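Read the structure below first, then the notes.
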Amino acid sequence: MFRLLAALPAAILAAILVAGCGGGDSATASGPAANAAAANATAANPAAATALPQALVDAVRQAIPPRRAAVAGAPLSPAEAFDWAELHFPEFFPQEGKVQVVQSAYAFRYYPQSGNYLAVAVASNEIALFALGPATGGRVVQLGSLADFTCVMKPGVCFVGADVDSVSMSTYEGGMQHATLDAAVPPTQGTLSVSVDEGAPWLSAELTGTSTVSITASAASLAAGNYQGGVTLQFVPIRGATTTKSVPVLFTVGPGLIAPASQAKTLNATATVASLAGSVSVARADGTAQTWMASSSQPWLQVTPSGTTPSALTYTFDANAVASLANYSIQAATVTLTSPGASTASFQVTLTKRLPYLDTAMPYGVPAGSLSHVVVHGAGFLQYASTPSISGVAASSVQVQSDSQLAFDATPPAAGNYTLAIGNAASMATATATLQVTASTPYAVTTSFAVAGNRSSYLEDPVRGAIFAVGTAENAVYRYQYNGGGWTQTALPLASPLALGMSPDGSRLFVVLAGLVKEVNPDTMQQVATLTPGLTFASNLGEPLATTVDGRLWLPAGLRYFEPRTNRFLSLDANGIGTIDGFVASADGETMLLLQDDSAHQYNASDGTVTQPMGDLELASGVRISSDGSRVLTQGSFSVYDSSFDGGYELVARLPDPAAGEHWGAAALSADGTKVAVLAYTGTALPFSFKRIDVFSTTALVPGTTTMTKTGSIAIGTAAAQCGAADAGCSAQGTLFIARDGRTVFWIGNKFLQTYKLP
């Protein structure tokens, strides 16, 4: 401003001061002429400066109303104002020869070299700065309040601030939050204003006093989250530079709706669909009332469609839709909650469907009219508080052996397929198992059917009334089927077959080759598929492939097995067992023996464990096992072991020594484990002379011994096996086994398949 004064002619100086500085003619003693005369007189006589010209005195007094209180500690003192003017405008206010007068109500300096005055009222709420002299045209001019010059003369005290560095606010969706801050404004005249960031429409601010700022953050249209904004304080002084202060504002918006906790329900044997229903509380975080709507992502879950917070949402399960869900699966439904002005909230309801079910029943082909021990595989059997009931057949002595296996006794009245089912409280259908029952006498006795060549292993199919056999030397698999009183033979050429076995339900026949597994349709004797497990197989000691009720077909390649249900090749994790020479399983699929050179391990299908039930055994020639696995016949020592003892199998019976000059040959164990049939022959070198088939009881023993007593004999007409000079490489004795019905004995050699009635 003073630099501007120096640059303009004196004639218009007064007008510029009035318009630009906010000042003007505050007071005159006797008009412009008197002011000029006083100024000239003072300039001519420096001594006159010791007394303030009357015009200046009058102006100063008028600026100090007696009703105003004095202000102490003004940011800019008169001396600081005078010094600043002298420093920046020495042409008007030269320091040389200056005269200073300070009194209680005013202070001034006179500059004799220029004839100018600077004066300040020091006891006023509006401390005014005045000038008089040639620079003002001899008029007393109020340049403005002293505070107006603070930002120019003393910029260090000219600032705007706040009592906090930042503001944090929080609320919930749809809510509103208020905060205040105090602004620190410069001790000078000016205008304080407040504004908010353009990118924060949720934020507003206003002055509610001279220095108090009221801040409002609204979450009316905001989703849950964190938001950044800012408030800017601006001070515009009458003179000097504008200053600003930015205060960051952090606004945290929480979800308006409280998401209920996830819900988990289980449908098992004892639960009904209605009992699965439940409810959750729907509320806002701030406890206010607000309408909501709900929907389910799955048709099996139904929910209350709407309500007003706080309230309960009820969920139920649709029985028909639940029935269509896969059993032993975990299903998840998402319930979505919506409410005006709030983000969606959701929670999950998981339904674990674990209804007990059946999938396999063994033995395959139990005889009608006879008591049979049946083992069923499935899942969920431990869910029942008491022994579960089985429908489809009259079951007795039901025993739950594990969560996946149960057993019972039954006497099916007639041949056919019996659908076994297990119930649940929800009356919901689950998977079933089929018990296949054969006629009580599927085979005619005393028949003979010519065959050609050795067969390395045989498998009885009591449902089809057939015998499947492996002809390794002949590169073929054979089916001998009894129908209408006679036998027919069907051959399927396969290169080097080693062993064969059936799926637990008898629907699929599997043949092991050197590195392949062939699936064969047992009805058509046609190949269905070729499976390549990447394994090397052996012959399984002449036994058919073992099948257990847990759906495993065991392969002669270590502890490997095949799952017909899933078509997977897997292995049993059982360390320390050693080399396995072969497998033999009970007809009910509950027990399987892992045969080794002189001992055996036992696999229990109920829990998948392996134990060592016996010590030293003569197993090199194989074993025979009863239908329920309770008894084992070792063909090397002709001894019978029973599993009803704690700790494994124990010896209970053995064959007596053969008659003088005779030897025991191939032997068989009946399905119920009560009879042993054995081939008696003479000779120590080929050709043997076969005498008869003797039958012994494993339960009627010679008193005081473990020696079995003989119950009958079967006369032999034509030998099934012939081993003379023209039969090189033949099996010396053939194979002897007792049919599943316990009424028929098969003797199969390299010449004939023969059937006899078991005494």
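Residue numbering restarts at 1 in every chain; chains get A, B, ... in the order shown in the structure tokens, and ligands count up from 1 in that same order.
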Exercise for the section: Please provide the set of residues having any atom within 6 Å of range 570-579 of chain A, restricted to only C-alpha atoms, with same-chain residues fewer than 5 positions apart removed, written as a PyMOL selection string. Expected result: chain A and resi 559-561
May I have the selected residues written with all heavy atoms, as a PDB file, in the first residue's frame?
```
ATOM      1  N   LEU A 559      -0.624-104.994  -2.311  1.00  0.00           N
ATOM      2  CA  LEU A 559      -1.857-104.637  -1.597  1.00  0.00           C
ATOM      3  C   LEU A 559      -2.726-103.732  -2.453  1.00  0.00           C
ATOM      4  O   LEU A 559      -3.301-102.760  -1.976  1.00  0.00           O
ATOM      5  CB  LEU A 559      -1.497-103.957  -0.269  1.00  0.00           C
ATOM      6  CG  LEU A 559      -0.793-104.854   0.744  1.00  0.00           C
ATOM      7  CD1 LEU A 559      -0.333-104.044   1.948  1.00  0.00           C
ATOM      8  CD2 LEU A 559      -1.689-105.986   1.185  1.00  0.00           C
ATOM      9  N   ARG A 560      -2.837-104.054  -3.707  1.00  0.00           N
ATOM     10  CA  ARG A 560      -3.634-103.257  -4.637  1.00  0.00           C
ATOM     11  C   ARG A 560      -5.044-103.831  -4.746  1.00  0.00           C
ATOM     12  O   ARG A 560      -5.264-105.043  -4.633  1.00  0.00           O
ATOM     13  CB  ARG A 560      -2.986-103.234  -6.023  1.00  0.00           C
ATOM     14  CG  ARG A 560      -1.580-102.660  -6.049  1.00  0.00           C
ATOM     15  CD  ARG A 560      -1.566-101.226  -5.548  1.00  0.00           C
ATOM     16  NE  ARG A 560      -0.255-100.624  -5.650  1.00  0.00           N
ATOM     17  CZ  ARG A 560       0.125 -99.804  -6.625  1.00  0.00           C
ATOM     18  NH1 ARG A 560      -0.719 -99.493  -7.579  1.00  0.00           N
ATOM     19  NH2 ARG A 560       1.342 -99.296  -6.642  1.00  0.00           N
ATOM     20  N   TYR A 561      -5.989-102.949  -4.995  1.00  0.00           N
ATOM     21  CA  TYR A 561      -7.362-103.386  -5.208  1.00  0.00           C
ATOM     22  C   TYR A 561      -8.039-102.473  -6.217  1.00  0.00           C
ATOM     23  O   TYR A 561      -7.571-101.369  -6.530  1.00  0.00           O
ATOM     24  CB  TYR A 561      -8.161-103.428  -3.904  1.00  0.00           C
ATOM     25  CG  TYR A 561      -8.292-102.108  -3.190  1.00  0.00           C
ATOM     26  CD1 TYR A 561      -9.352-101.230  -3.459  1.00  0.00           C
ATOM     27  CD2 TYR A 561      -7.368-101.730  -2.218  1.00  0.00           C
ATOM     28  CE1 TYR A 561      -9.478-100.026  -2.795  1.00  0.00           C
ATOM     29  CE2 TYR A 561      -7.486-100.530  -1.545  1.00  0.00           C
ATOM     30  CZ  TYR A 561      -8.540 -99.682  -1.831  1.00  0.00           C
ATOM     31  OH  TYR A 561      -8.654 -98.481  -1.186  1.00  0.00           O
TER      32      TYR A 561
END
```
Problem - Residues near range 326-337 of chain A, cut-off 6 Å, only C-alpha atoms, skip fewer than 5 positions along chain, as a list in words - result: Met293, Ala294, Ser295, Ser296, Ser297, Gln298, Thr344, Ala345, Ser346, Phe347, Gln348, Val349, Thr350, Leu351, Thr352, Lys353 and Arg354 of chain A
Just-selected residues, all heavy atoms written as a compact mmCIF listing (two decimals), in the first residue's frame:
```txt
# COMPACT_ATOMS: atom_id res chain seq x y z
N MET A 293 -36.05 -57.56 3.47
CA MET A 293 -36.56 -58.66 2.67
C MET A 293 -35.49 -59.74 2.61
O MET A 293 -34.29 -59.44 2.67
CB MET A 293 -36.94 -58.20 1.26
CG MET A 293 -38.11 -57.22 1.23
SD MET A 293 -38.53 -56.71 -0.45
CE MET A 293 -37.06 -55.78 -0.89
N ALA A 294 -35.91 -60.99 2.48
CA ALA A 294 -34.98 -62.11 2.48
C ALA A 294 -35.29 -63.05 1.33
O ALA A 294 -36.44 -63.21 0.92
CB ALA A 294 -35.04 -62.87 3.81
N SER A 295 -34.24 -63.67 0.80
CA SER A 295 -34.40 -64.66 -0.27
C SER A 295 -33.36 -65.76 -0.08
O SER A 295 -32.29 -65.54 0.49
CB SER A 295 -34.24 -64.01 -1.65
OG SER A 295 -32.93 -63.48 -1.80
N SER A 296 -33.69 -66.94 -0.57
CA SER A 296 -32.79 -68.10 -0.47
C SER A 296 -32.28 -68.46 -1.86
O SER A 296 -33.02 -68.39 -2.85
CB SER A 296 -33.53 -69.29 0.15
OG SER A 296 -32.76 -70.47 0.01
N SER A 297 -31.02 -68.89 -1.90
CA SER A 297 -30.42 -69.25 -3.19
C SER A 297 -30.74 -70.68 -3.61
O SER A 297 -30.42 -71.06 -4.73
CB SER A 297 -28.90 -69.07 -3.12
OG SER A 297 -28.33 -69.98 -2.20
N GLN A 298 -31.34 -71.47 -2.71
CA GLN A 298 -31.61 -72.86 -3.04
C GLN A 298 -33.08 -73.19 -2.78
O GLN A 298 -33.67 -72.73 -1.80
CB GLN A 298 -30.72 -73.80 -2.20
CG GLN A 298 -29.23 -73.65 -2.44
CD GLN A 298 -28.83 -74.05 -3.85
OE1 GLN A 298 -29.52 -74.84 -4.51
NE2 GLN A 298 -27.73 -73.49 -4.33
N THR A 344 -26.50 -55.21 1.28
CA THR A 344 -27.06 -56.52 1.52
C THR A 344 -26.24 -57.27 2.57
O THR A 344 -25.03 -57.13 2.64
CB THR A 344 -27.11 -57.34 0.23
OG1 THR A 344 -25.78 -57.46 -0.28
CG2 THR A 344 -27.99 -56.68 -0.81
N ALA A 345 -26.92 -58.01 3.37
CA ALA A 345 -26.26 -58.88 4.34
C ALA A 345 -26.67 -60.31 4.01
O ALA A 345 -27.74 -60.55 3.45
CB ALA A 345 -26.68 -58.52 5.77
N SER A 346 -25.81 -61.25 4.31
CA SER A 346 -26.12 -62.63 3.97
C SER A 346 -25.54 -63.57 5.01
O SER A 346 -24.62 -63.22 5.75
CB SER A 346 -25.59 -62.98 2.58
OG SER A 346 -24.17 -62.89 2.55
N PHE A 347 -26.09 -64.74 5.05
CA PHE A 347 -25.55 -65.81 5.88
C PHE A 347 -25.83 -67.13 5.19
O PHE A 347 -26.71 -67.23 4.33
CB PHE A 347 -26.12 -65.78 7.30
CG PHE A 347 -27.60 -66.09 7.38
CD1 PHE A 347 -28.04 -67.37 7.70
CD2 PHE A 347 -28.55 -65.11 7.16
CE1 PHE A 347 -29.39 -67.65 7.79
CE2 PHE A 347 -29.90 -65.38 7.24
CZ PHE A 347 -30.32 -66.65 7.56
N GLN A 348 -25.05 -68.13 5.54
CA GLN A 348 -25.18 -69.44 4.91
C GLN A 348 -25.89 -70.42 5.83
O GLN A 348 -25.72 -70.41 7.04
CB GLN A 348 -23.82 -70.01 4.52
CG GLN A 348 -23.32 -69.55 3.17
CD GLN A 348 -22.21 -70.44 2.64
OE1 GLN A 348 -21.51 -71.09 3.39
NE2 GLN A 348 -22.05 -70.46 1.33
N VAL A 349 -26.66 -71.27 5.20
CA VAL A 349 -27.26 -72.41 5.88
C VAL A 349 -26.73 -73.65 5.18
O VAL A 349 -26.96 -73.84 3.99
CB VAL A 349 -28.79 -72.38 5.83
CG1 VAL A 349 -29.36 -73.62 6.52
CG2 VAL A 349 -29.32 -71.12 6.50
N THR A 350 -25.96 -74.45 5.89
CA THR A 350 -25.44 -75.68 5.31
C THR A 350 -26.25 -76.86 5.82
O THR A 350 -26.61 -76.95 6.99
CB THR A 350 -23.96 -75.89 5.68
OG1 THR A 350 -23.81 -75.88 7.10
CG2 THR A 350 -23.10 -74.78 5.10
N LEU A 351 -26.54 -77.74 4.89
CA LEU A 351 -27.29 -78.94 5.21
C LEU A 351 -26.40 -80.14 4.91
O LEU A 351 -26.00 -80.36 3.77
CB LEU A 351 -28.57 -79.02 4.39
CG LEU A 351 -29.36 -80.33 4.53
CD1 LEU A 351 -29.83 -80.53 5.96
CD2 LEU A 351 -30.53 -80.35 3.56
N THR A 352 -26.07 -80.88 5.93
CA THR A 352 -25.32 -82.11 5.76
C THR A 352 -26.31 -83.27 5.76
O THR A 352 -26.98 -83.52 6.76
CB THR A 352 -24.30 -82.30 6.90
OG1 THR A 352 -23.40 -81.19 6.90
CG2 THR A 352 -23.51 -83.57 6.71
N LYS A 353 -26.41 -83.89 4.62
CA LYS A 353 -27.35 -85.00 4.48
C LYS A 353 -26.58 -86.30 4.68
O LYS A 353 -25.76 -86.69 3.84
CB LYS A 353 -28.02 -84.97 3.11
CG LYS A 353 -29.14 -85.99 2.94
CD LYS A 353 -29.82 -85.83 1.58
CE LYS A 353 -30.91 -86.87 1.39
NZ LYS A 353 -31.56 -86.74 0.05
N ARG A 354 -26.84 -86.96 5.79
CA ARG A 354 -26.11 -88.18 6.14
C ARG A 354 -27.10 -89.26 6.57
O ARG A 354 -27.02 -89.81 7.68
CB ARG A 354 -25.09 -87.91 7.24
CG ARG A 354 -24.01 -86.93 6.84
CD ARG A 354 -22.99 -86.73 7.95
NE ARG A 354 -22.20 -87.93 8.19
CZ ARG A 354 -21.11 -88.26 7.51
NH1 ARG A 354 -20.69 -87.47 6.54
NH2 ARG A 354 -20.44 -89.35 7.78
```
Practice task
Would you kindly return, as a ChimeraX atom specification, each protein, DNA or RNA residue with an atom no farther than 7 Å from any atom of range 280-288 of chain A, considering only C-alpha atoms and excluding same-chain residues fewer than 6 positions away?
Solution key: /A:172,256-258,260,309-314
Keeping only all heavy atoms, write those residues as a PDB file, in the first residue's frame.
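Contents of out_30.pdb, freshly written:
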```
ATOM      1  N   TYR A 172     -23.357 -46.087  11.036  1.00  0.00           N
ATOM      2  CA  TYR A 172     -23.796 -47.241  10.273  1.00  0.00           C
ATOM      3  C   TYR A 172     -24.539 -46.769   9.034  1.00  0.00           C
ATOM      4  O   TYR A 172     -24.958 -45.607   8.943  1.00  0.00           O
ATOM      5  CB  TYR A 172     -24.707 -48.128  11.121  1.00  0.00           C
ATOM      6  CG  TYR A 172     -24.003 -48.672  12.333  1.00  0.00           C
ATOM      7  CD1 TYR A 172     -24.195 -48.113  13.597  1.00  0.00           C
ATOM      8  CD2 TYR A 172     -23.129 -49.740  12.222  1.00  0.00           C
ATOM      9  CE1 TYR A 172     -23.536 -48.606  14.716  1.00  0.00           C
ATOM     10  CE2 TYR A 172     -22.459 -50.249  13.336  1.00  0.00           C
ATOM     11  CZ  TYR A 172     -22.671 -49.673  14.565  1.00  0.00           C
ATOM     12  OH  TYR A 172     -22.008 -50.158  15.654  1.00  0.00           O
ATOM     13  N   GLY A 256     -25.287 -51.622   7.958  1.00  0.00           N
ATOM     14  CA  GLY A 256     -26.511 -51.308   8.680  1.00  0.00           C
ATOM     15  C   GLY A 256     -27.173 -52.562   9.211  1.00  0.00           C
ATOM     16  O   GLY A 256     -27.539 -52.646  10.380  1.00  0.00           O
ATOM     17  N   LEU A 257     -27.292 -53.563   8.332  1.00  0.00           N
ATOM     18  CA  LEU A 257     -27.859 -54.832   8.766  1.00  0.00           C
ATOM     19  C   LEU A 257     -26.768 -55.713   9.353  1.00  0.00           C
ATOM     20  O   LEU A 257     -25.671 -55.810   8.803  1.00  0.00           O
ATOM     21  CB  LEU A 257     -28.509 -55.553   7.581  1.00  0.00           C
ATOM     22  CG  LEU A 257     -29.824 -54.983   7.049  1.00  0.00           C
ATOM     23  CD1 LEU A 257     -30.270 -55.762   5.820  1.00  0.00           C
ATOM     24  CD2 LEU A 257     -30.909 -55.021   8.111  1.00  0.00           C
ATOM     25  N   ILE A 258     -27.072 -56.344  10.450  1.00  0.00           N
ATOM     26  CA  ILE A 258     -26.130 -57.282  11.051  1.00  0.00           C
ATOM     27  C   ILE A 258     -26.346 -58.648  10.410  1.00  0.00           C
ATOM     28  O   ILE A 258     -27.449 -59.200  10.455  1.00  0.00           O
ATOM     29  CB  ILE A 258     -26.338 -57.377  12.566  1.00  0.00           C
ATOM     30  CG1 ILE A 258     -26.145 -56.005  13.223  1.00  0.00           C
ATOM     31  CG2 ILE A 258     -25.382 -58.382  13.182  1.00  0.00           C
ATOM     32  CD1 ILE A 258     -26.463 -56.000  14.700  1.00  0.00           C
ATOM     33  N   PRO A 260     -26.598 -62.362  10.209  1.00  0.00           N
ATOM     34  CA  PRO A 260     -26.717 -63.444  11.205  1.00  0.00           C
ATOM     35  C   PRO A 260     -25.598 -64.464  11.042  1.00  0.00           C
ATOM     36  O   PRO A 260     -24.962 -64.564   9.983  1.00  0.00           O
ATOM     37  CB  PRO A 260     -28.089 -64.063  10.881  1.00  0.00           C
ATOM     38  CG  PRO A 260     -28.823 -63.000  10.134  1.00  0.00           C
ATOM     39  CD  PRO A 260     -27.776 -62.271   9.351  1.00  0.00           C
ATOM     40  N   THR A 309     -36.811 -54.712  11.303  1.00  0.00           N
ATOM     41  CA  THR A 309     -35.832 -54.905  12.374  1.00  0.00           C
ATOM     42  C   THR A 309     -36.292 -54.220  13.661  1.00  0.00           C
ATOM     43  O   THR A 309     -36.927 -53.165  13.602  1.00  0.00           O
ATOM     44  CB  THR A 309     -34.473 -54.322  11.974  1.00  0.00           C
ATOM     45  OG1 THR A 309     -34.619 -52.923  11.723  1.00  0.00           O
ATOM     46  CG2 THR A 309     -33.907 -55.003  10.761  1.00  0.00           C
ATOM     47  N   PRO A 310     -35.956 -54.792  14.812  1.00  0.00           N
ATOM     48  CA  PRO A 310     -35.417 -56.141  15.002  1.00  0.00           C
ATOM     49  C   PRO A 310     -36.529 -57.173  14.972  1.00  0.00           C
ATOM     50  O   PRO A 310     -37.600 -56.948  15.529  1.00  0.00           O
ATOM     51  CB  PRO A 310     -34.764 -56.057  16.375  1.00  0.00           C
ATOM     52  CG  PRO A 310     -35.601 -55.047  17.110  1.00  0.00           C
ATOM     53  CD  PRO A 310     -36.053 -54.049  16.084  1.00  0.00           C
ATOM     54  N   SER A 311     -36.271 -58.299  14.296  1.00  0.00           N
ATOM     55  CA  SER A 311     -37.273 -59.350  14.205  1.00  0.00           C
ATOM     56  C   SER A 311     -36.582 -60.659  13.886  1.00  0.00           C
ATOM     57  O   SER A 311     -35.366 -60.699  13.674  1.00  0.00           O
ATOM     58  CB  SER A 311     -38.319 -59.006  13.122  1.00  0.00           C
ATOM     59  OG  SER A 311     -37.674 -58.801  11.871  1.00  0.00           O
ATOM     60  N   ALA A 312     -37.355 -61.724  13.840  1.00  0.00           N
ATOM     61  CA  ALA A 312     -36.793 -63.052  13.593  1.00  0.00           C
ATOM     62  C   ALA A 312     -37.081 -63.483  12.166  1.00  0.00           C
ATOM     63  O   ALA A 312     -38.169 -63.239  11.630  1.00  0.00           O
ATOM     64  CB  ALA A 312     -37.369 -64.065  14.574  1.00  0.00           C
ATOM     65  N   LEU A 313     -36.095 -64.127  11.547  1.00  0.00           N
ATOM     66  CA  LEU A 313     -36.258 -64.759  10.245  1.00  0.00           C
ATOM     67  C   LEU A 313     -36.270 -66.258  10.478  1.00  0.00           C
ATOM     68  O   LEU A 313     -35.353 -66.813  11.089  1.00  0.00           O
ATOM     69  CB  LEU A 313     -35.122 -64.374   9.303  1.00  0.00           C
ATOM     70  CG  LEU A 313     -35.106 -65.003   7.905  1.00  0.00           C
ATOM     71  CD1 LEU A 313     -34.443 -64.054   6.914  1.00  0.00           C
ATOM     72  CD2 LEU A 313     -34.377 -66.342   7.877  1.00  0.00           C
ATOM     73  N   THR A 314     -37.296 -66.916  10.010  1.00  0.00           N
ATOM     74  CA  THR A 314     -37.431 -68.357  10.172  1.00  0.00           C
ATOM     75  C   THR A 314     -37.084 -69.057   8.868  1.00  0.00           C
ATOM     76  O   THR A 314     -37.476 -68.612   7.789  1.00  0.00           O
ATOM     77  CB  THR A 314     -38.861 -68.718  10.594  1.00  0.00           C
ATOM     78  OG1 THR A 314     -39.161 -68.079  11.837  1.00  0.00           O
ATOM     79  CG2 THR A 314     -39.016 -70.223  10.753  1.00  0.00           C
TER      80      THR A 314
END
```
Which of range 376-586 of chain A end up as strand (DSSP E) when DSSP is run on this backbone - answer as a compact mmCIF listing (two decimals) with C-alpha atoms, in the first residue's frame?
```txt
# COMPACT_ATOMS: atom_id res chain seq x y z
CA VAL A 376 -24.35 -105.46 4.33
CA HIS A 377 -22.14 -102.50 3.55
CA GLY A 378 -23.26 -98.89 3.54
CA ALA A 379 -22.90 -95.94 5.90
CA ILE A 390 -33.72 -103.98 7.77
CA SER A 391 -36.61 -104.26 5.36
CA ALA A 395 -33.66 -110.40 9.38
CA SER A 396 -32.67 -111.66 12.81
CA SER A 397 -29.66 -111.21 15.07
CA VAL A 398 -28.88 -107.84 13.48
CA GLN A 399 -25.47 -106.58 14.57
CA VAL A 400 -23.92 -103.21 13.83
CA GLN A 401 -20.26 -104.00 13.28
CA SER A 402 -19.15 -100.49 12.32
CA GLN A 405 -21.13 -102.53 8.06
CA LEU A 406 -23.85 -104.56 9.68
CA ALA A 407 -24.70 -108.24 9.64
CA PHE A 408 -27.79 -110.36 10.19
CA ASP A 409 -29.14 -113.85 9.69
CA ALA A 410 -31.90 -114.59 7.22
CA GLY A 416 -35.09 -114.04 -6.45
CA ASN A 417 -33.73 -110.59 -5.77
CA TYR A 418 -34.54 -109.05 -2.39
CA THR A 419 -34.20 -105.29 -2.07
CA LEU A 420 -32.77 -104.45 1.34
CA ALA A 421 -33.38 -101.01 2.80
CA ILE A 422 -32.73 -99.24 6.07
CA ALA A 433 -28.73 -103.21 -1.60
CA THR A 434 -29.86 -106.32 -3.42
CA LEU A 435 -29.63 -109.72 -1.82
CA GLN A 436 -29.61 -112.30 -4.61
CA VAL A 437 -31.07 -115.65 -3.65
CA THR A 438 -30.66 -118.84 -5.68
CA THR A 447 -23.04 -135.37 -13.70
CA SER A 448 -19.89 -135.29 -15.75
CA PHE A 449 -19.00 -132.75 -18.42
CA ALA A 450 -15.90 -133.16 -20.56
CA SER A 457 -8.52 -121.14 -11.07
CA TYR A 458 -12.28 -121.52 -10.76
CA LEU A 459 -15.05 -119.19 -9.63
CA GLU A 460 -18.57 -120.32 -8.80
CA ASP A 461 -21.48 -118.10 -9.83
CA ALA A 466 -22.12 -121.34 -13.68
CA ILE A 467 -18.45 -121.99 -13.12
CA PHE A 468 -15.95 -119.52 -14.59
CA ALA A 469 -12.44 -120.80 -15.19
CA VAL A 470 -9.07 -119.49 -16.36
CA GLY A 471 -7.24 -121.45 -19.04
CA ALA A 476 -8.96 -118.31 -22.85
CA VAL A 477 -11.55 -117.73 -20.13
CA TYR A 478 -14.32 -120.31 -19.88
CA ARG A 479 -17.86 -120.35 -18.57
CA TYR A 480 -19.44 -123.72 -17.73
CA GLN A 481 -23.15 -123.12 -17.21
CA TYR A 482 -25.67 -125.61 -15.91
CA ASN A 483 -29.06 -125.25 -17.55
CA GLY A 486 -26.79 -130.22 -18.60
CA TRP A 487 -23.69 -128.12 -18.95
CA THR A 488 -22.58 -125.83 -21.77
CA GLN A 489 -19.18 -124.28 -22.35
CA THR A 490 -18.46 -120.77 -23.67
CA ALA A 491 -14.91 -119.58 -24.25
CA LEU A 492 -13.55 -116.05 -24.58
CA PRO A 493 -10.04 -115.93 -26.06
CA ALA A 499 -6.99 -114.93 -12.48
CA LEU A 500 -10.59 -113.78 -12.48
CA GLY A 501 -13.11 -112.34 -10.05
CA MET A 502 -16.55 -110.79 -9.83
CA LEU A 509 -16.53 -110.22 -14.43
CA PHE A 510 -12.90 -109.10 -14.30
CA VAL A 511 -9.97 -111.02 -15.75
CA VAL A 512 -6.38 -110.22 -14.82
CA VAL A 517 -7.60 -105.98 -16.42
CA LYS A 518 -10.36 -107.00 -18.80
CA GLU A 519 -13.99 -106.35 -17.91
CA VAL A 520 -16.26 -109.07 -19.29
CA ASN A 521 -20.02 -109.33 -19.41
CA GLN A 526 -17.97 -110.47 -24.38
CA GLN A 527 -15.35 -107.90 -23.48
CA VAL A 528 -16.75 -104.63 -22.15
CA ALA A 529 -13.63 -102.62 -21.34
CA THR A 530 -9.86 -102.82 -20.99
CA LEU A 531 -8.38 -101.22 -17.88
CA THR A 547 -14.02 -109.62 -3.24
CA THR A 548 -14.90 -107.84 0.01
CA ARG A 552 -13.05 -103.96 -3.28
CA LEU A 553 -11.76 -106.50 -5.74
CA TRP A 554 -8.26 -107.45 -4.60
CA ARG A 560 -3.63 -103.26 -4.64
CA TYR A 561 -7.36 -103.39 -5.21
CA PHE A 562 -9.93 -102.23 -7.73
CA GLU A 563 -13.22 -100.48 -6.94
CA ARG A 568 -10.40 -96.82 -9.51
CA PHE A 569 -7.22 -98.74 -8.78
CA LEU A 570 -6.05 -98.05 -5.24
CA SER A 571 -3.71 -99.52 -2.66
CA GLY A 582 -2.43 -114.25 -2.75
CA PHE A 583 -5.85 -113.44 -1.31
CA VAL A 584 -8.86 -115.50 -0.29
CA ALA A 585 -12.11 -113.96 0.95
```
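Note that CA of Asn475 in chain A and CA of Gly558 in chain A are 24.2 Å apart.
Shortest atom-to-atom contact with Val164 in chain A among A:Gly115, A:Gly683, A:Pro248, A:Pro237: A:Pro248, counting only C-alpha atoms.
With only C-alpha atoms taken into account, the protein and nucleic acid residues at most 6 Å from range 629-643 of chain A (excluding it and anything under 5 positions from it in its own chain) are Ser586, Thr591, Glu618, Ser621, Gly622, Val623, Arg624, Gly648, Tyr649, Glu650, Leu651, Val652, Ala653, Arg654, Leu655 and Gly673 of chain A.
The spacing separating CA of Thr682 in chain A from CA of Thr707 in chain A amounts to 21.8 Å.
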Fill in the blank from the handout: Correct to one decimal, the distance CA of Thr242 in chain A-CA of Asp197 in chain A is 18.4 Å
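Closest to Ile748 in chain A among A:Ala659, A:Ala429, A:Leu594, A:Ala452 is A:Ala452, based on only C-alpha atoms.
Of all the residues in range 228-464 of chain A, the ones DSSP labels as alpha helix (DSSP H) from the backbone are A:Ala319, A:Asn320, A:Ala321, A:Val322, A:Ala323.
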Save the residues we just selected, all heavy atoms, as a short mmCIF file (atom, residue, chain, number, x, y, z; two decimals), in the first residue's frame?
```
data_model
loop_
_atom_site.label_atom_id
_atom_site.label_comp_id
_atom_site.auth_asym_id
_atom_site.auth_seq_id
_atom_site.Cartn_x
_atom_site.Cartn_y
_atom_site.Cartn_z
N ALA A 319 -39.19 -80.79 2.06
CA ALA A 319 -38.90 -82.22 2.13
C ALA A 319 -38.64 -82.82 0.75
O ALA A 319 -37.72 -83.63 0.58
CB ALA A 319 -40.04 -82.95 2.83
N ASN A 320 -39.43 -82.44 -0.23
CA ASN A 320 -39.25 -83.01 -1.57
C ASN A 320 -37.92 -82.58 -2.17
O ASN A 320 -37.22 -83.39 -2.80
CB ASN A 320 -40.40 -82.58 -2.48
CG ASN A 320 -41.72 -83.21 -2.07
OD1 ASN A 320 -41.75 -84.33 -1.54
ND2 ASN A 320 -42.82 -82.51 -2.31
N ALA A 321 -37.57 -81.32 -1.97
CA ALA A 321 -36.30 -80.84 -2.52
C ALA A 321 -35.12 -81.47 -1.79
O ALA A 321 -34.10 -81.81 -2.41
CB ALA A 321 -36.23 -79.32 -2.43
N VAL A 322 -35.25 -81.64 -0.48
CA VAL A 322 -34.17 -82.28 0.28
C VAL A 322 -34.01 -83.73 -0.15
O VAL A 322 -32.89 -84.26 -0.24
CB VAL A 322 -34.45 -82.18 1.79
CG1 VAL A 322 -33.48 -83.05 2.59
CG2 VAL A 322 -34.34 -80.74 2.25
N ALA A 323 -35.12 -84.39 -0.44
CA ALA A 323 -35.05 -85.78 -0.88
C ALA A 323 -34.26 -85.93 -2.17
O ALA A 323 -33.63 -86.96 -2.41
CB ALA A 323 -36.46 -86.35 -1.04
#
```
